[in-house]
Amino acid sequence: MAISIVMPALEMAQETGKVISWLKKEGEPVVKGEPLLEIETDKAVMEIESPGDGILAGVKVQAGTDVPVGRTIAWIVRPGEVPPMDEIAVESGRKTTPVAVPASAFLTPGQSASSAQPATQSLKISPKARRLAGERGVNLADVRGSGPGGEILASDILAAAESKAAASSAAVDGGSSISRLMAERTTLSWTTVPHFFVVSEVDSSALNEMRWKLGSKIEQSCGVKLTHTDLMVALVARVLQKHPRVNASWDKQGVRTNAEINIGLAMAVDNGVVAPVIRNADKIGLGEIAMQRRGLTERARSGKLRPADLAGGTFTISNLGMYGVDAFTAIIIPPQAAILAVGRIADRVVPVDGRPGIRSMMTLTLSSDHRVVDGARAAEFLRDLAAAISNPQQCFDDTGGLGSVVRSLPSR
Amino acid sequence: MPETHLQAQSDRELTFAQAIREALAEEMRRDPTVFILGEDVAEAGTPFKVLSGLLEEFGKERVLDTPISEAGFTGLAVGAAMTGMRPVVDIMFGDFVTLTMDQMVNQAAKVHYMSGGRWKVPMVMRTTMGATRRSAAQHSQSLHAWFCHIPGLKVVLPSTPYDAKGLLKAAIRDENPVVFFEDKMMYKLKGPVPAGDYTVPLGVADIKRVGEDITLIATSSMVQVALSAAALLEESGISAEVVDPRTMWPLDEQTLIESAKKTSRVIVLDEGYERYGVTAELASVIATGAFYDLDAPVKRMGAMHVPIPFSPPLEDVTVPTERTVFEAARALCGR
C-alpha cells in the first residue's frame with residue numbers, strides 16, 4: 001500500500017510550502033523517520049521525514065516550486081509497486097497515467113477562494129488585457145478589473161505585472177517569502193480587522209529597578225541577560241489572566257477565548273517581521289522567559305525558526321523602544337484580538353506629589369480588534385498592566401518566579 | 001503625408017463647395033473629355049450653388065441640364081464613359097441614387113470585368129448625403145453603403161475642402177466608376193485649399209488629429225463632429241485620435257488598424273444607417289486586425305434605424321453629434 005507524502009500544514013494560516021530540496025532521489029529506498037526533503041513554509045525551513053519504509057516514487061514537484069498544503073508531492077511505495085494515479089487527474093475524471101504536474105498548474109487555496117466567484121461568472125477581460133496577461137505571466141485570478149463593468153483592462157494587467165515585478169525583485173533581494181507574507185497578512189488585518197487604539201503613559205521606574213535587581217540573579221542562574229521585553233512578556237501574561245477577552249481570538253463563529261496565554265514577540269528579520277511565541281508565558285518564571293526569548297531571537301536571525309515557534313500566539317508584544325521610538329501603533333496579527341506597542345523608556349518631567357519631578361516613563365499603545373475587545377475592556381487591561389508595571393514586585397518572587405499575587409489568582 | 005503638408009502650407013481658404021467647383025473647372029480645362037450632366041446643373045448651378053459659373057466658362061455642351069430621369073442620364077453617362085468621355089454625373093439628392101442602381105451596379109460596375117478589361121468606365125457620380133437640413137425622409141439619407149457593397153465601384157467621402165478638391169480630381173482621372181458623396185451640410189465649411197493642381201490618392205486614410213486614448217474613425221461630416229468631440233474630450237483629459245478613411249473603397253485598412261492598436265479603443269462614426277452600414281464594415285476591420293490590442297468593444301455610431309424625420313428636434317437625435325460622441329467616448333474610456 002503506497003503512502004502519500006503530503007505538503008504539510010505546519011502553521012494555522014499556512015497556504016503553501018516550497019520544496020527547497022529533495023534529500024532522497026526518486027527510486028531510492030527510505031526507512032521511516034529518514035529525512036526526505038526540505039520545505040520552506042512562510043516562516044521557516046524544515047525537513048519532512050518519511051512516514052514509512054519503502055521506495056520514494058512519483059515525485060511530482062521539483063525543488064524550488066510552491067505547493068498548496070495538503071497536496072500529494074510524492075509517494076512511498078513497496079518494491080515493484082506503481083504509485084497511484086495523479087490526484088488531479090483522478091479528480092477531473094480523466095484517465096491518465098501519472099505525470100509530473102508543474103506547480104504552476106496548481107491554484108493556491110487563497111487563489112481558489114478569491115477567484116471562485118469570478119470564475120463562475122465568466123471573467124470579463126479585454127482581448128488586449130488577455131494577451132498582455134499571457135505575455136507577462138499575470139494570473140488573471142489575482143487581477144481586479146477597473147473597466148466600466150468591472151472588466152479587466154490592459155492597464156490592470158500592466159499594473160499587476162509591475163507589482164509582480166516589484167515583488168519578485170524584493171524576493172530576489174531577500175530570497176525569502178517573509179516579505180510577501182508580511183504584505184499579505186498586514187493588508188488582510190488592516191483592511192478586515194476593525195482596529196482601535198488606547199494609549200497610556202506608564203511610570204517604569206520600578207520596572208527598571210526590578211530589571212537590575214533580578215537581572216544579575218537570572219544571569220547567574222540561567223546564563224541569559226534579562227531584558228525589558230522579558231519583563232513585559234511576564235507582566236502582560238500575568239495581567240492577561242485577569243482579562244481573558246483581551247487574550248481571545250476572533251473566528252467565524254465569533255469570540256473564542258483561549259485556554260493558553262501564548263505571547264508572540266514581534267522581531268525584525270532581514271525581510272520583514274516575524275512573531276515567534278513564548279507559550280504559557282503566564283505559568284513560567286522570568287528566567288525561563290528570557291531563555292526562550294533568546295532562543296527565538298537567535299533562530300529568527302538565522303532564519304531557522306521552526307513552525308512550532310511561530311504557532312499558537314494569543315497576544316503579541318511589539319517593542320520598538322530600542323530604536324528610540326516614543327510611541328507607535330501596531331497592526332493586529334489575526335486571529336489575535338490585540339497587540340501591544342511598547343515605546344522607549346525615557347526620563348520625563350512629570351508631576352510628583354504636586355511638583356515637577358523626573359521619572360522614567362514609557363508609552364504603551366494597545367491595538368484591539370473591536371469585534372472582540374471594546375474600549376472599556378481595552379482600557380481596563382491597560383490600567384491593570386500599568387499598575388503591574390509600576391508595582392512589578394507583586395508579580396514575581398525574588399528569583400523572578402511567579403509572585404504571590406499571581407499564584408493567588410483563580411485558575412480559569 | 002505630402003498632401004497634409006500642402007494643406008498646412010496653404011493660407012488660401014475655400015468653402016467645400018468652392019473646392020468642388022475648382023476641382024471640376026481645373027479638370028475640365030485640363031481634359032476636354034470631362035463634362036457634367038444632371039438636373040439643374042447649368043443655369044441653376046445646382047440648388048446648392050456648387051456649380052455656379054461653370055456654364056459660363058464651359059458652355060452648355062459640357063454642362064448639360066437633363067430631364068428628371070436619373071436612370072436615363074446615368075445610363076447615358078455609362079455609355080459616354082465607355083466610348084471615351086469622362087462624364088461627371090450630378091445626382092442632386094443622394095436619396096435618388098436608388099433610381100440609378102441598375103446602371104451603376106449592373107452596368108458601370110461590371111463592364112470592365114466582363115469585357116476582360118477591354119472596356120473602361122471612367123465616370124464619376126457626384127451626389128449628396130447628410131441629415132439635419134430639415135429636408136425630411138426622402139432628401140436626408142446617406143446611402144453610400146449601397147455602393148460600398150458592390151465590387152467594381154469606388155466610393156469617396158471627403159470631409160474637408162482640401163480633401164474634396166484633391167479626391168475629386170483623382171476620381172475624375174480614375175479609369176473606372178467612382179461615386180463621390182458630398183455632405184450637403186458641409187458646402188459652406190471653410191478650409192485651406194492650395195491653388196493649382198494636386199490630387200489625393202484614393203485608398204489613403206488621413207489622421208486628422210493625433211491622440212493616444214481613443215480612436216474616432218469618422219467619415220464625411222462625421223469627421224468634423226469627431227474633431228469637435230475630440231476637443232471636448234481633451235478638456236476631460238482624454239486624448240482622441242481622429243482618423244478619416246476618406247475613401248470607403250479602396251479602404252486603407254492598415255492606417256485604421258494601426259491607430260486602433262495604438263489607442264486600444266475605437267468608435268466608428270458614419271452618417272449612414274448604422275444597421276448593416278459602413279460602421280459595421282469598419283468595426284469588423286478593426287476587430288479582425290486589432291483584436292489582441294483592443295481594450296474595449298468597438299463602438300458603432302450611425303443614423304438611427306428610422307426614416308430621417310422632418311421634425312427638427314427628432315431629426316437632431318437621429319444622427320451622431322459632438323455631444324453623443326463625447327459621451328460615448330467617455331463611457332468607453334471608463335471616465
# chains A, B, ... in the order shown; residues from 1 in each chain; ligands from 1
>>> select_by_dssp(residues="range 19-187 of chain B", states="strand (DSSP E or B)", output="number ranges by chain")
B: 34-38, 63-65, 86-91, 124-129, 154-156, 178-183
>>> interface_residues(of="chain B", to="chain A", cutoff="6 Å", atoms="only C-alpha atoms", output="list in words")
Tyr292, Asp293, Leu294, Asp295, Ala296 and Gly334 of chain B
>>> write_last_selection(atoms="C-alpha atoms", output="PDB file, in the first residue's frame")
ATOM      1  CA  TYR B 292      -5.447  41.489 -29.470  1.00  0.00           C
ATOM      2  CA  ASP B 293      -4.881  45.193 -28.905  1.00  0.00           C
ATOM      3  CA  LEU B 294      -8.446  46.137 -28.067  1.00  0.00           C
ATOM      4  CA  ASP B 295      -9.245  47.109 -24.519  1.00  0.00           C
ATOM      5  CA  ALA B 296     -12.959  47.647 -25.153  1.00  0.00           C
ATOM      6  CA  GLY B 334     -14.424  54.419 -18.293  1.00  0.00           C
TER       7      GLY B 334
END
>>> residues_around(residues="range 322-332 of chain A", least_positions_apart="6", cutoff="12 Å", atoms="only C-alpha atoms", output="PyMOL selection string")
chain A and resi 182-183+185-202+227-229+246+249-250+264+266-268+273+275+313-316+338-348+361-370
>>> select_by_dssp(residues="range 121-246 of chain A", states="helix (DSSP H, G or I)", output="ChimeraX atom specification")
/A:121,127-136,140-142,154-174,178-192,205-222,228-240
>>> residues_around(residues="Phe381 in chain A", least_positions_apart="6", cutoff="10 Å", atoms="only C-alpha atoms", output="JSON, numbers by chain")
{"A": [236, 239, 240, 242, 243, 244, 245, 246, 366, 375, 387]}
>>> write_last_selection(atoms="N, CA and C atoms", output="PDB file, in the first residue's frame")
ATOM      1  N   VAL A 236       2.645  41.162  31.068  1.00  0.00           N
ATOM      2  CA  VAL A 236       1.479  41.107  30.183  1.00  0.00           C
ATOM      3  C   VAL A 236       0.758  39.769  30.360  1.00  0.00           C
ATOM      4  N   VAL A 239      -1.128  39.720  33.614  1.00  0.00           N
ATOM      5  CA  VAL A 239      -2.317  40.577  33.604  1.00  0.00           C
ATOM      6  C   VAL A 239      -3.402  39.987  32.687  1.00  0.00           C
ATOM      7  N   LEU A 240      -2.961  39.315  31.632  1.00  0.00           N
ATOM      8  CA  LEU A 240      -3.939  38.705  30.714  1.00  0.00           C
ATOM      9  C   LEU A 240      -4.796  37.646  31.411  1.00  0.00           C
ATOM     10  N   LYS A 242      -6.274  37.951  34.055  1.00  0.00           N
ATOM     11  CA  LYS A 242      -7.478  38.631  34.542  1.00  0.00           C
ATOM     12  C   LYS A 242      -8.350  39.162  33.406  1.00  0.00           C
ATOM     13  N   HIS A 243      -7.806  39.124  32.175  1.00  0.00           N
ATOM     14  CA  HIS A 243      -8.524  39.718  31.043  1.00  0.00           C
ATOM     15  C   HIS A 243      -8.604  38.716  29.886  1.00  0.00           C
ATOM     16  N   PRO A 244      -9.347  37.655  30.097  1.00  0.00           N
ATOM     17  CA  PRO A 244      -9.393  36.607  29.065  1.00  0.00           C
ATOM     18  C   PRO A 244      -9.884  37.141  27.714  1.00  0.00           C
ATOM     19  N   ARG A 245     -10.685  38.172  27.738  1.00  0.00           N
ATOM     20  CA  ARG A 245     -11.208  38.699  26.484  1.00  0.00           C
ATOM     21  C   ARG A 245     -10.083  39.296  25.611  1.00  0.00           C
ATOM     22  N   VAL A 246      -9.111  39.915  26.274  1.00  0.00           N
ATOM     23  CA  VAL A 246      -8.003  40.505  25.508  1.00  0.00           C
ATOM     24  C   VAL A 246      -7.097  39.405  24.959  1.00  0.00           C
ATOM     25  N   LEU A 366      -2.170  50.046  22.943  1.00  0.00           N
ATOM     26  CA  LEU A 366      -2.815  48.752  22.711  1.00  0.00           C
ATOM     27  C   LEU A 366      -3.727  48.873  21.486  1.00  0.00           C
ATOM     28  N   GLY A 375     -13.792  49.320  24.027  1.00  0.00           N
ATOM     29  CA  GLY A 375     -12.936  50.348  24.601  1.00  0.00           C
ATOM     30  C   GLY A 375     -12.748  50.179  26.094  1.00  0.00           C
ATOM     31  N   ALA A 387      -0.583  49.298  36.258  1.00  0.00           N
ATOM     32  CA  ALA A 387      -0.418  49.062  37.693  1.00  0.00           C
ATOM     33  C   ALA A 387       0.655  48.010  37.947  1.00  0.00           C
TER      34      ALA A 387
END
>>> residues_around(residues="Leu207 in chain A", least_positions_apart="6", cutoff="8 Å", atoms="only C-alpha atoms", output="PyMOL selection string")
chain A and resi 228+231+389-392
>>> residues_around(residues="Asp90 in chain B", least_positions_apart="5", cutoff="12 Å", atoms="only C-alpha atoms", output="ChimeraX atom specification")
/B:24,35-42,45-48,50-51,63-66,68-71,73-74,77,96-97,100,123-128,179-182
>>> residues_around(residues="Pro307 in chain A", least_positions_apart="2", cutoff="12 Å", atoms="only C-alpha atoms", output="ChimeraX atom specification")
/A:8-14,17,39-47,274-277,296,299-300,303-305,309-313
>>> atom_distance(atom1="CA of Thr215 in chain B", atom2="CA of Val266 in chain B")
4.7 Å
>>> atom_distance(atom1="CA of Asp203 in chain A", atom2="CA of Leu286 in chain A")
20.6 Å
